[in-house]
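Participant: Next up, coords_20.csv (CSV, C-alpha atoms and all ligand atoms).
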```
chain,number,residue,atom,x,y,z
T,1,MET,CA,-1.3,10.9,-21.2
T,2,VAL,CA,0.5,7.6,-21.0
T,3,SER,CA,4.2,7.5,-20.6
T,4,ARG,CA,6.7,4.8,-20.1
T,5,GLU,CA,9.9,5.0,-18.1
T,6,THR,CA,13.1,3.8,-19.8
T,7,SER,CA,16.1,2.6,-17.9
T,8,ASN,CA,17.7,6.1,-18.1
T,9,GLY,CA,14.7,7.6,-16.4
T,10,SER,CA,13.3,9.4,-19.4
T,11,SER,CA,9.7,9.0,-20.6
T,12,GLY,CA,8.7,7.4,-23.9
T,13,LEU,CA,5.6,6.3,-25.7
T,14,ARG,CA,3.8,3.2,-24.4
T,15,SER,CA,4.4,0.0,-26.3
T,16,ASN,CA,2.3,-3.2,-26.1
T,17,ASP,CA,5.3,-5.4,-26.6
T,18,SER,CA,5.4,-7.4,-23.3
T,19,ASN,CA,5.8,-10.9,-24.6
T,20,ARG,CA,9.1,-11.6,-23.0
T,21,THR,CA,8.0,-10.5,-19.5
T,22,ASN,CA,4.7,-12.4,-19.8
T,23,GLU,CA,6.5,-15.6,-20.7
T,24,THR,CA,8.8,-15.2,-17.7
T,25,HIS,CA,5.8,-14.5,-15.5
T,26,ASN,CA,3.7,-17.4,-16.9
T,27,GLU,CA,6.5,-19.9,-16.3
T,28,ARG,CA,6.8,-18.8,-12.7
T,29,ASN,CA,3.3,-18.1,-11.6
T,30,THR,CA,1.5,-21.4,-11.5
T,31,ARG,CA,-0.1,-23.1,-8.6
T,32,GLY,CA,-1.7,-26.5,-8.6
T,33,GLY,CA,-1.1,-26.7,-12.3
T,34,VAL,CA,-3.3,-23.7,-13.0
T,35,THR,CA,-1.6,-20.8,-14.8
T,36,LEU,CA,-2.5,-17.4,-13.3
T,37,ASP,CA,-4.4,-15.5,-15.9
T,38,ILE,CA,-3.4,-12.0,-14.6
T,39,LYS,CA,-0.8,-10.3,-16.7
T,40,ARG,CA,-1.6,-6.6,-16.7
T,41,VAL,CA,-2.0,-4.8,-13.4
T,42,GLY,CA,-3.5,-1.4,-12.8
T,43,VAL,CA,-2.5,0.6,-9.7
T,44,VAL,CA,-4.5,3.7,-9.0
T,45,GLY,CA,-2.8,6.1,-6.7
T,46,CYS,CA,1.0,6.4,-6.6
T,47,GLY,CA,1.6,7.6,-3.0
T,48,LEU,CA,3.5,5.6,-0.4
T,49,MET,CA,1.4,2.4,-0.8
T,50,GLY,CA,0.6,2.6,-4.5
T,51,SER,CA,4.2,3.2,-5.6
T,52,GLY,CA,5.3,0.2,-3.5
T,53,ILE,CA,2.6,-2.0,-5.0
T,54,ALA,CA,3.5,-0.9,-8.5
T,55,GLU,CA,7.2,-1.6,-7.9
T,56,VAL,CA,6.6,-5.0,-6.5
T,57,ALA,CA,4.3,-6.0,-9.3
T,58,ALA,CA,6.7,-4.8,-12.0
T,59,LYS,CA,9.6,-6.6,-10.2
T,60,SER,CA,7.5,-9.8,-10.3
T,61,GLY,CA,7.1,-9.6,-14.0
T,62,PHE,CA,3.7,-8.0,-14.4
T,63,ASP,CA,3.0,-5.2,-16.8
T,64,VAL,CA,1.9,-2.3,-14.6
T,65,VAL,CA,-0.2,0.8,-15.5
T,66,VAL,CA,0.0,3.4,-12.8
T,67,ARG,CA,-2.6,6.2,-12.6
T,68,GLU,CA,-2.4,9.4,-10.6
T,69,VAL,CA,-4.6,12.4,-10.8
T,70,THR,CA,-2.0,15.0,-11.9
T,71,ASP,CA,1.3,14.9,-13.7
T,72,ASP,CA,2.9,16.3,-10.6
T,73,PHE,CA,1.8,13.4,-8.4
T,74,LEU,CA,2.7,11.0,-11.2
T,75,GLU,CA,6.2,12.3,-11.4
T,76,ARG,CA,6.6,12.1,-7.6
T,77,GLY,CA,5.4,8.5,-7.7
T,78,ARG,CA,7.7,7.6,-10.6
T,79,ALA,CA,10.6,9.1,-8.7
T,80,ARG,CA,9.8,7.2,-5.6
T,81,ILE,CA,9.7,3.9,-7.5
T,82,ARG,CA,12.9,4.7,-9.3
T,83,LYS,CA,14.6,5.6,-6.0
T,84,SER,CA,13.4,2.4,-4.3
T,85,LEU,CA,14.6,0.2,-7.3
T,86,ASP,CA,18.0,2.0,-7.3
T,87,ARG,CA,18.3,1.4,-3.6
T,88,ALA,CA,17.6,-2.3,-4.2
T,89,VAL,CA,20.4,-2.3,-6.8
T,90,ASP,CA,22.8,-0.5,-4.3
T,91,LYS,CA,22.0,-3.1,-1.7
T,92,GLU,CA,22.7,-5.9,-4.3
T,93,LYS,CA,19.1,-7.2,-3.9
T,94,LEU,CA,18.4,-6.5,-7.6
T,95,THR,CA,20.7,-6.5,-10.7
T,96,THR,CA,20.7,-3.5,-12.9
T,97,GLU,CA,19.2,-5.6,-15.7
T,98,ASP,CA,16.3,-6.7,-13.4
T,99,ARG,CA,15.8,-3.0,-12.4
T,100,ASP,CA,15.7,-1.9,-16.0
T,101,ASP,CA,13.3,-4.7,-16.9
T,102,ALA,CA,11.0,-3.7,-14.0
T,103,LEU,CA,11.2,0.0,-15.1
T,104,GLY,CA,10.3,-1.1,-18.7
T,105,ARG,CA,7.2,-2.8,-17.5
T,106,LEU,CA,5.8,0.3,-15.8
T,107,THR,CA,3.6,2.8,-17.7
T,108,TYR,CA,2.3,6.0,-16.2
T,109,THR,CA,-0.9,7.9,-16.9
T,110,THR,CA,-3.3,10.5,-15.6
T,111,SER,CA,-6.3,8.9,-17.4
T,112,VAL,CA,-8.5,6.2,-15.9
T,113,ASP,CA,-9.3,5.1,-19.4
T,114,ASP,CA,-5.8,3.6,-19.7
T,115,LEU,CA,-6.7,1.0,-17.1
T,116,ALA,CA,-9.3,-0.6,-19.4
T,117,GLU,CA,-7.1,-3.5,-20.5
T,118,CYS,CA,-6.0,-4.5,-17.0
T,119,ASP,CA,-6.7,-7.9,-15.5
T,120,ILE,CA,-6.7,-6.6,-12.0
T,121,VAL,CA,-6.9,-3.0,-10.7
T,122,ILE,CA,-5.6,-2.2,-7.3
T,123,GLU,CA,-6.9,1.0,-5.8
T,124,ALA,CA,-4.6,2.9,-3.3
T,125,ILE,CA,-6.1,6.4,-3.3
T,126,VAL,CA,-7.2,8.5,-0.3
T,127,GLU,CA,-9.2,6.8,2.4
T,128,ASP,CA,-12.5,8.3,1.2
T,129,LEU,CA,-15.4,6.1,0.4
T,130,SER,CA,-17.1,8.4,-2.1
T,131,ALA,CA,-13.8,9.0,-4.0
T,132,LYS,CA,-13.2,5.2,-4.2
T,133,ASN,CA,-16.7,4.5,-5.3
T,134,GLU,CA,-16.6,7.1,-8.0
T,135,LEU,CA,-13.4,5.5,-9.3
T,136,PHE,CA,-14.7,2.0,-9.2
T,137,GLN,CA,-17.9,2.9,-10.9
T,138,ARG,CA,-15.9,4.5,-13.8
T,139,LEU,CA,-13.7,1.4,-13.9
T,140,ASP,CA,-16.8,-0.8,-14.0
T,141,GLU,CA,-17.8,0.8,-17.2
T,142,LEU,CA,-14.4,0.5,-18.8
T,143,CYS,CA,-12.9,-2.9,-17.7
T,144,GLY,CA,-13.6,-6.3,-19.1
T,145,GLU,CA,-15.9,-8.9,-17.4
T,146,ASN,CA,-12.9,-10.8,-16.1
T,147,THR,CA,-11.1,-7.9,-14.4
T,148,ILE,CA,-10.8,-8.1,-10.7
T,149,PHE,CA,-11.2,-5.0,-8.6
T,150,ALA,CA,-9.1,-4.7,-5.4
T,151,SER,CA,-8.8,-2.1,-2.8
T,152,ASN,CA,-5.8,-1.5,-0.5
T,153,THR,CA,-8.0,0.3,2.0
T,154,SER,CA,-6.7,0.3,5.6
T,155,SER,CA,-10.1,0.5,7.4
T,156,LEU,CA,-13.1,0.9,5.1
T,157,THR,CA,-15.0,-2.2,4.3
T,158,ILE,CA,-14.7,-3.8,0.8
T,159,THR,CA,-18.4,-4.5,0.8
T,160,ASP,CA,-19.1,-0.7,0.8
T,161,MET,CA,-17.1,-0.4,-2.4
T,162,ALA,CA,-18.2,-3.6,-4.1
T,163,ALA,CA,-21.9,-2.8,-3.6
T,164,ALA,CA,-21.4,0.4,-5.6
T,165,THR,CA,-20.4,-1.6,-8.7
T,166,ASP,CA,-22.0,-4.3,-10.9
T,167,ARG,CA,-19.3,-6.8,-10.1
T,168,PRO,CA,-19.4,-7.4,-6.3
T,169,ASP,CA,-18.5,-11.1,-7.0
T,170,ARG,CA,-15.2,-9.9,-8.6
T,171,PHE,CA,-14.2,-7.6,-5.9
T,172,VAL,CA,-11.6,-8.2,-3.1
T,173,GLY,CA,-9.5,-6.4,-0.6
T,174,LEU,CA,-5.7,-6.7,-1.1
T,175,HIS,CA,-4.2,-5.0,1.9
T,176,PHE,CA,-0.4,-4.4,1.7
T,177,PHE,CA,1.9,-3.1,4.4
T,178,ASN,CA,4.4,-0.3,4.5
T,179,PRO,CA,7.1,-0.4,3.2
T,180,VAL,CA,5.5,-2.6,0.5
T,181,PRO,CA,8.8,-3.8,-1.0
T,182,VAL,CA,9.9,-5.1,2.4
T,183,MET,CA,6.8,-6.3,4.3
T,184,LYS,CA,5.9,-9.8,3.2
T,185,LEU,CA,2.2,-9.8,4.2
T,186,VAL,CA,-0.9,-9.3,2.1
T,187,GLU,CA,-4.4,-9.6,3.6
T,188,VAL,CA,-6.7,-11.0,0.9
T,189,VAL,CA,-10.2,-10.0,1.9
T,190,LYS,CA,-13.4,-11.8,0.9
T,191,THR,CA,-16.8,-10.2,1.3
T,192,ILE,CA,-20.0,-12.1,1.5
T,193,ALA,CA,-20.4,-11.5,-2.3
T,194,THR,CA,-16.8,-12.3,-3.5
T,195,SER,CA,-16.8,-15.5,-5.6
T,196,GLN,CA,-14.4,-18.3,-4.5
T,197,GLU,CA,-12.8,-18.1,-8.0
T,198,THR,CA,-12.0,-14.4,-7.6
T,199,PHE,CA,-10.6,-14.9,-4.1
T,200,ASP,CA,-8.4,-17.8,-5.4
T,201,ARG,CA,-7.2,-15.6,-8.3
T,202,ALA,CA,-6.4,-12.8,-5.9
T,203,PHE,CA,-4.6,-15.1,-3.5
T,204,GLU,CA,-2.5,-16.6,-6.3
T,205,PHE,CA,-1.7,-13.2,-7.6
T,206,SER,CA,-0.5,-12.2,-4.1
T,207,GLU,CA,1.8,-15.2,-4.1
T,208,ALA,CA,3.0,-14.3,-7.6
T,209,LEU,CA,4.1,-11.0,-6.1
T,210,GLY,CA,6.4,-12.9,-3.7
T,211,LYS,CA,4.1,-12.1,-0.8
T,212,VAL,CA,2.6,-14.3,1.9
T,213,PRO,CA,-1.2,-13.9,1.7
T,214,ILE,CA,-3.6,-14.5,4.6
T,215,ALA,CA,-7.4,-14.7,4.3
T,216,ALA,CA,-9.4,-12.1,6.1
T,217,LYS,CA,-13.0,-11.4,6.7
T,218,ASP,CA,-14.4,-8.1,5.5
T,219,ASN,CA,-14.5,-6.2,8.8
T,220,SER,CA,-13.0,-2.8,9.3
T,221,GLY,CA,-9.3,-3.2,10.0
T,222,PHE,CA,-9.2,-6.8,8.7
T,223,VAL,CA,-6.7,-8.8,10.8
T,224,VAL,CA,-3.7,-6.6,11.4
T,225,ASN,CA,-5.1,-3.1,11.8
T,226,LEU,CA,-7.7,-4.4,14.1
T,227,LEU,CA,-4.8,-5.2,16.5
T,228,LEU,CA,-2.3,-2.6,15.4
T,229,VAL,CA,-4.4,0.6,15.4
T,230,PRO,CA,-5.7,0.3,19.0
T,231,TYR,CA,-2.0,-0.4,20.0
T,232,MET,CA,-0.9,2.9,18.4
T,233,LEU,CA,-3.8,4.8,19.9
T,234,ASP,CA,-3.1,3.3,23.4
T,235,ALA,CA,0.5,4.6,23.1
T,236,ILE,CA,-0.9,8.1,22.4
T,237,ARG,CA,-3.3,7.8,25.4
T,238,GLN,CA,-0.3,6.7,27.6
T,239,LEU,CA,1.5,9.8,26.5
T,240,GLU,CA,-1.6,11.9,27.3
T,241,ARG,CA,-1.7,10.5,30.8
T,242,GLY,CA,2.0,11.3,31.2
T,243,VAL,CA,3.0,7.7,31.8
T,244,ALA,CA,6.3,8.1,30.0
T,245,SER,CA,8.0,10.2,27.3
T,246,ILE,CA,7.7,9.5,23.6
T,247,LYS,CA,11.3,8.2,23.5
T,248,ASP,CA,10.8,6.0,26.5
T,249,ILE,CA,7.6,4.4,25.3
T,250,ASP,CA,9.3,3.7,22.0
T,251,THR,CA,12.4,2.3,23.7
T,252,GLY,CA,10.1,0.2,25.9
T,253,MET,CA,8.3,-1.5,23.1
T,254,GLN,CA,11.5,-1.9,21.0
T,255,LEU,CA,13.7,-3.3,23.7
T,256,GLY,CA,11.1,-4.9,25.9
T,257,CYS,CA,9.1,-6.7,23.1
T,258,GLY,CA,11.6,-6.8,20.2
T,259,TYR,CA,9.4,-4.6,17.9
T,260,PRO,CA,11.4,-3.2,15.0
T,261,MET,CA,10.2,0.3,15.8
T,262,GLY,CA,8.3,1.9,18.8
T,263,PRO,CA,4.7,3.0,18.4
T,264,PHE,CA,5.5,6.7,17.9
T,265,VAL,CA,8.1,6.1,15.2
T,266,LEU,CA,5.5,3.7,13.7
T,267,CYS,CA,2.8,6.5,13.9
T,268,ASP,CA,5.1,8.9,12.0
T,269,PHE,CA,6.0,6.1,9.5
T,270,VAL,CA,2.3,5.3,8.8
T,271,GLY,CA,1.4,9.0,8.7
T,272,ILE,CA,-0.4,10.8,11.5
T,273,ASP,CA,-3.2,12.0,9.2
T,274,THR,CA,-3.7,8.5,7.9
T,275,LEU,CA,-3.8,7.1,11.4
T,276,TYR,CA,-6.4,9.7,12.4
T,277,ARG,CA,-8.6,8.9,9.4
T,278,ILE,CA,-8.3,5.1,10.0
T,279,SER,CA,-9.2,5.6,13.7
T,280,GLU,CA,-12.2,7.7,12.8
T,281,ILE,CA,-13.5,5.1,10.3
T,282,MET,CA,-12.9,2.3,12.8
T,283,PHE,CA,-14.6,4.2,15.6
T,284,GLU,CA,-17.6,4.9,13.3
T,285,GLU,CA,-17.8,1.2,12.5
T,286,TYR,CA,-17.5,-0.3,15.9
T,287,ARG,CA,-18.5,2.6,18.3
T,288,GLU,CA,-15.9,1.3,20.7
T,289,GLU,CA,-13.7,3.7,22.7
T,290,ARG,CA,-10.5,1.8,21.8
T,291,TYR,CA,-10.8,2.9,18.2
T,292,ALA,CA,-11.6,6.6,19.0
T,293,PRO,CA,-8.9,9.1,18.0
T,294,PRO,CA,-7.3,10.5,21.2
T,295,PRO,CA,-7.5,14.4,21.3
T,296,LEU,CA,-3.7,14.6,21.1
T,297,LEU,CA,-3.8,12.8,17.8
T,298,LYS,CA,-6.3,15.4,16.5
T,299,ARG,CA,-4.1,18.3,17.7
T,300,ILE,CA,-1.0,17.0,15.9
T,301,VAL,CA,-3.0,16.6,12.7
T,302,SER,CA,-4.3,20.2,13.1
T,303,MET,CA,-0.7,21.4,13.3
T,304,GLY,CA,0.0,19.7,10.0
T,305,ARG,CA,2.5,17.3,11.7
T,306,TYR,CA,1.7,14.3,9.5
T,307,GLY,CA,4.8,12.3,10.3
T,308,ARG,CA,7.9,11.5,8.3
T,309,LYS,CA,6.4,12.5,5.0
T,310,THR,CA,6.1,16.2,6.2
T,311,GLY,CA,9.3,16.1,8.3
T,312,LYS,CA,7.4,16.4,11.6
T,313,GLY,CA,5.0,14.2,13.6
T,314,PHE,CA,5.8,12.9,17.1
T,315,TYR,CA,9.4,13.4,16.0
T,316,ASP,CA,11.3,16.0,14.0
T,317,TRP,CA,12.9,14.0,11.2
T,318,SER,CA,15.0,16.8,9.7
T,319,GLY,CA,18.3,15.7,11.3
T,320,ASP,CA,20.3,12.4,11.2
T,321,GLU,CA,18.3,11.1,14.2
T,322,PRO,CA,14.6,11.7,15.0
T,323,VAL,CA,14.1,14.1,17.8
T,324,PRO,CA,10.9,14.0,19.9
T,325,LEU,CA,8.8,17.1,19.6
T,326,PRO,CA,6.7,18.8,22.3
T,327,VAL,CA,3.2,17.5,22.7
X,1,LIG,N1,11.8,0.3,0.5
X,1,LIG,C1,12.6,-0.7,0.3
X,1,LIG,N2,13.4,-1.3,1.2
X,1,LIG,C2,13.4,-0.8,2.4
X,1,LIG,C3,12.6,0.3,2.8
X,1,LIG,C4,11.8,0.9,1.7
X,1,LIG,N3,11.0,2.0,2.0
X,1,LIG,N4,12.9,0.6,4.1
X,1,LIG,C5,13.8,-0.3,4.5
X,1,LIG,N5,14.1,-1.1,3.5
X,1,LIG,C6,14.9,-2.3,3.6
X,1,LIG,C7,16.4,-1.9,3.7
X,1,LIG,O1,17.0,-1.8,2.4
X,1,LIG,C8,17.0,-3.1,4.5
X,1,LIG,O2,17.3,-4.1,3.7
X,1,LIG,P1,18.6,-5.1,4.1
X,1,LIG,O3,18.4,-5.5,5.5
X,1,LIG,O4,18.5,-6.2,3.1
X,1,LIG,O5,19.7,-4.2,3.9
X,1,LIG,C9,15.8,-3.5,5.4
X,1,LIG,O6,14.6,-3.0,4.8
X,1,LIG,C10,16.0,-2.9,6.8
X,1,LIG,O7,16.0,-1.5,6.6
X,1,LIG,P2,17.0,-0.6,7.5
X,1,LIG,O8,18.2,-1.4,8.0
X,1,LIG,O9,17.2,0.7,6.8
X,1,LIG,O10,16.1,-0.2,8.8
X,1,LIG,P3,15.4,-1.2,9.8
X,1,LIG,O11,16.2,-2.3,10.1
X,1,LIG,O12,15.0,-0.2,10.9
X,1,LIG,O13,14.1,-1.6,9.0
X,1,LIG,C11,11.8,-1.5,8.6
X,1,LIG,C12,13.1,-0.8,8.5
X,1,LIG,C13,11.8,-2.7,7.6
X,1,LIG,C14,10.8,-0.4,8.1
X,1,LIG,C15,11.5,-1.9,10.0
X,1,LIG,O14,11.8,-0.9,10.9
X,1,LIG,C16,10.1,-2.5,10.2
X,1,LIG,O15,9.8,-3.6,9.9
X,1,LIG,N6,9.3,-1.6,10.8
X,1,LIG,C17,7.9,-1.9,11.1
X,1,LIG,C18,7.1,-1.6,9.9
X,1,LIG,C19,5.6,-1.9,10.1
X,1,LIG,O16,5.1,-2.1,11.2
X,1,LIG,N7,4.9,-1.7,9.0
X,1,LIG,C20,3.4,-1.9,9.0
X,1,LIG,C21,2.8,-0.5,9.1
X,1,LIG,S1,1.1,-0.6,9.2
X,1,LIG,C22,0.6,-0.7,7.6
X,1,LIG,O17,1.3,-0.5,6.7
X,1,LIG,C23,-0.9,-0.9,7.4
X,1,LIG,C24,-1.6,0.4,7.0
X,1,LIG,O18,-2.9,0.1,6.6
X,1,LIG,C25,-1.6,1.4,8.1
```
Starting from the file, give its structure as structure tokens.
Facilitator:
Amino acid sequence: MVSRETSNGSSGLRSNDSNRTNETHNERNTRGGVTLDIKRVGVVGCGLMGSGIAEVAAKSGFDVVVREVTDDFLERGRARIRKSLDRAVDKEKLTTEDRDDALGRLTYTTSVDDLAECDIVIEAIVEDLSAKNELFQRLDELCGENTIFASNTSSLTITDMAAATDRPDRFVGLHFFNPVPVMKLVEVVKTIATSQETFDRAFEFSEALGKVPIAAKDNSGFVVNLLLVPYMLDAIRQLERGVASIKDIDTGMQLGCGYPMGPFVLCDFVGIDTLYRISEIMFEEYREERYAPPPLLKRIVSMGRYGRKTGKGFYDWSGDEPVPLPV
């Protein structure tokens, strides 16, 4: 099923009339005299990251097809995008007309087949290699020769996905940061098989999204998570050793180093289950203790305290202010 959101939040049938937005997009998105040939963007997975990527792409003038596995997930993703765009209007960062234009560029579907016409497909599903490979193999059969495949994986290697398809030369990593509408960075990841042309197209596409791309080698964790993940895990180890309380460690890093949020708020923000999965993947890759999930992290996952999204992680998020929970 494919549906399109209108400015009043209702669904309607998909239309292919996107000339106006494409003109705007083409006028803007040129670099070195070359017009970016990406117009239709597929986003697979509409959770925290996928919804942010879809929102940013639609705001930047691209036609966006969002795919989720069920209507329920699709509706939740749609509501998240809508809420974020409304918030941008409330904060006077976006006009109501621009919001409505962005909403009009978004179509929603539960069928992978509806991604066939996309010029780039960005995957933001669960951090599970076999699920990602199954998806990319299906897309490989459907999409045109020129379509770029991109993964927003946090810790898996792009090579492991590219190798499962017949287009490893047209496969990159595009790693966004949470919250996607706010964080300016995108890591553009080139494997040993990615063609220079594909890398350049993906880099220009990231710029066209209003992001600042950096080039990264295809190693687990790329640039940022290779530094950030051990930092978060070390904070948990500090807590395990009783060095200081959750609140004091967070205050320490916020006020001592000027970080926007302390490591435990950040853990809750990223998702405790996500951090645990990333840590397991990175440990498996490097076999270095610094990437190993600390036992406390595992205990918190076992309790279903996944962070802000479930209301509880290192903090209880149900009140006005987060309250540290027993660990
Ligand atoms: N969507 C859209 N805009 C948002 C937003 C969201 N989800 N959350 C916050 N904002 C905007 C606000 O509207 C506000 O804009 P304004 O200044 O123009 O009014 C601005 O961001 C600041 O928000 P707030 O005043 O509400 O709150 P803060 O000042 O505390 O900022 C924050 C929130 C931007 C999230 C800031 O705390 C921050 O930068 N935190 C660090 C985030 C971070 O480290 N992200 C990376 C996570 S790791 C990752 O994603 C990789 C993955 O692989 C694990």
Participant: Tell me, counting all atoms listed in the file, for each residue of chain T within 8 Å of ligand LIG 1 (chain X), which pair of atoms is nearest and how far apart they are in Å to one decimal, in rows ordered by chain and increasing number, as CSV.
Facilitator:
```
residue,atom,partner,partner_atom,distance
T:Gly52,CA,X:LIG1,N1,7.6
T:Ser84,CA,X:LIG1,N1,5.5
T:Leu85,CA,X:LIG1,C1,7.9
T:Arg87,CA,X:LIG1,O1,6.9
T:Ala88,CA,X:LIG1,O1,6.6
T:Lys91,CA,X:LIG1,O5,6.2
T:Lys93,CA,X:LIG1,O4,7.1
T:Asn152,CA,X:LIG1,O18,7.8
T:Thr153,CA,X:LIG1,O18,6.9
T:Ser154,CA,X:LIG1,O18,3.9
T:Ser155,CA,X:LIG1,O18,7.3
T:His175,CA,X:LIG1,O18,7.1
T:Phe176,CA,X:LIG1,O17,6.6
T:Phe177,CA,X:LIG1,O17,3.5
T:Asn178,CA,X:LIG1,O17,3.8
T:Pro179,CA,X:LIG1,N3,4.7
T:Val180,CA,X:LIG1,N1,6.9
T:Pro181,CA,X:LIG1,C1,5.1
T:Val182,CA,X:LIG1,N2,5.3
T:Met183,CA,X:LIG1,N7,6.8
T:Gly221,CA,X:LIG1,O18,8.0
T:Val224,CA,X:LIG1,C23,7.5
T:Asn225,CA,X:LIG1,C23,6.5
T:Leu228,CA,X:LIG1,S1,7.3
T:Val229,CA,X:LIG1,C25,7.9
T:Tyr259,CA,X:LIG1,C17,7.5
T:Pro260,CA,X:LIG1,O14,4.7
T:Met261,CA,X:LIG1,O14,5.3
T:Leu266,CA,X:LIG1,O16,6.3
T:Phe269,CA,X:LIG1,C21,7.3
T:Val270,CA,X:LIG1,C25,5.6
T:Thr274,CA,X:LIG1,C25,7.4
T:Leu275,CA,X:LIG1,C25,6.9
T:Ile278,CA,X:LIG1,C25,7.9
```
Participant: Print the selection's residues with C-alpha atoms to a file, as a compact mmCIF listing (two decimals), keeping the file's coordinate frame.
Facilitator:
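Everything below was put into selection-v2.txt:
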```txt
# COMPACT_ATOMS: atom_id res chain seq x y z
CA GLY T 52 5.30 0.20 -3.50
CA SER T 84 13.40 2.40 -4.30
CA LEU T 85 14.60 0.20 -7.30
CA ARG T 87 18.30 1.40 -3.60
CA ALA T 88 17.60 -2.30 -4.20
CA LYS T 91 22.00 -3.10 -1.70
CA LYS T 93 19.10 -7.20 -3.90
CA ASN T 152 -5.80 -1.50 -0.50
CA THR T 153 -8.00 0.30 2.00
CA SER T 154 -6.70 0.30 5.60
CA SER T 155 -10.10 0.50 7.40
CA HIS T 175 -4.20 -5.00 1.90
CA PHE T 176 -0.40 -4.40 1.70
CA PHE T 177 1.90 -3.10 4.40
CA ASN T 178 4.40 -0.30 4.50
CA PRO T 179 7.10 -0.40 3.20
CA VAL T 180 5.50 -2.60 0.50
CA PRO T 181 8.80 -3.80 -1.00
CA VAL T 182 9.90 -5.10 2.40
CA MET T 183 6.80 -6.30 4.30
CA GLY T 221 -9.30 -3.20 10.00
CA VAL T 224 -3.70 -6.60 11.40
CA ASN T 225 -5.10 -3.10 11.80
CA LEU T 228 -2.30 -2.60 15.40
CA VAL T 229 -4.40 0.60 15.40
CA TYR T 259 9.40 -4.60 17.90
CA PRO T 260 11.40 -3.20 15.00
CA MET T 261 10.20 0.30 15.80
CA LEU T 266 5.50 3.70 13.70
CA PHE T 269 6.00 6.10 9.50
CA VAL T 270 2.30 5.30 8.80
CA THR T 274 -3.70 8.50 7.90
CA LEU T 275 -3.80 7.10 11.40
CA ILE T 278 -8.30 5.10 10.00
```
Participant: Between atom CA of Arg305 of chain T and atom CA of Ile272 of chain T, what is the distance in Å, rounded to a tenth?
Facilitator: 7.1 Å
Participant: How many Å separate atom CA of Leu226 of chain T from atom CA of Trp317 of chain T?
Facilitator: 27.8 Å
Participant: For Phe73 of chain T, find every residue with an atom within 8 Å (counting all atoms listed in the file), except residues of its own chain fewer than 4 positions away, and show them as a PyMOL selection string.
Facilitator: chain T and resi 46-47+68-69+77
Participant: I'd like to know which of T:Asp140, T:Thr110, T:Arg167, T:Ser130 is closest to Glu75 of chain T, using all atoms listed in the file.
Facilitator: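 Of the candidates, the smallest distance to Glu75 of chain T is held by T:Thr110.
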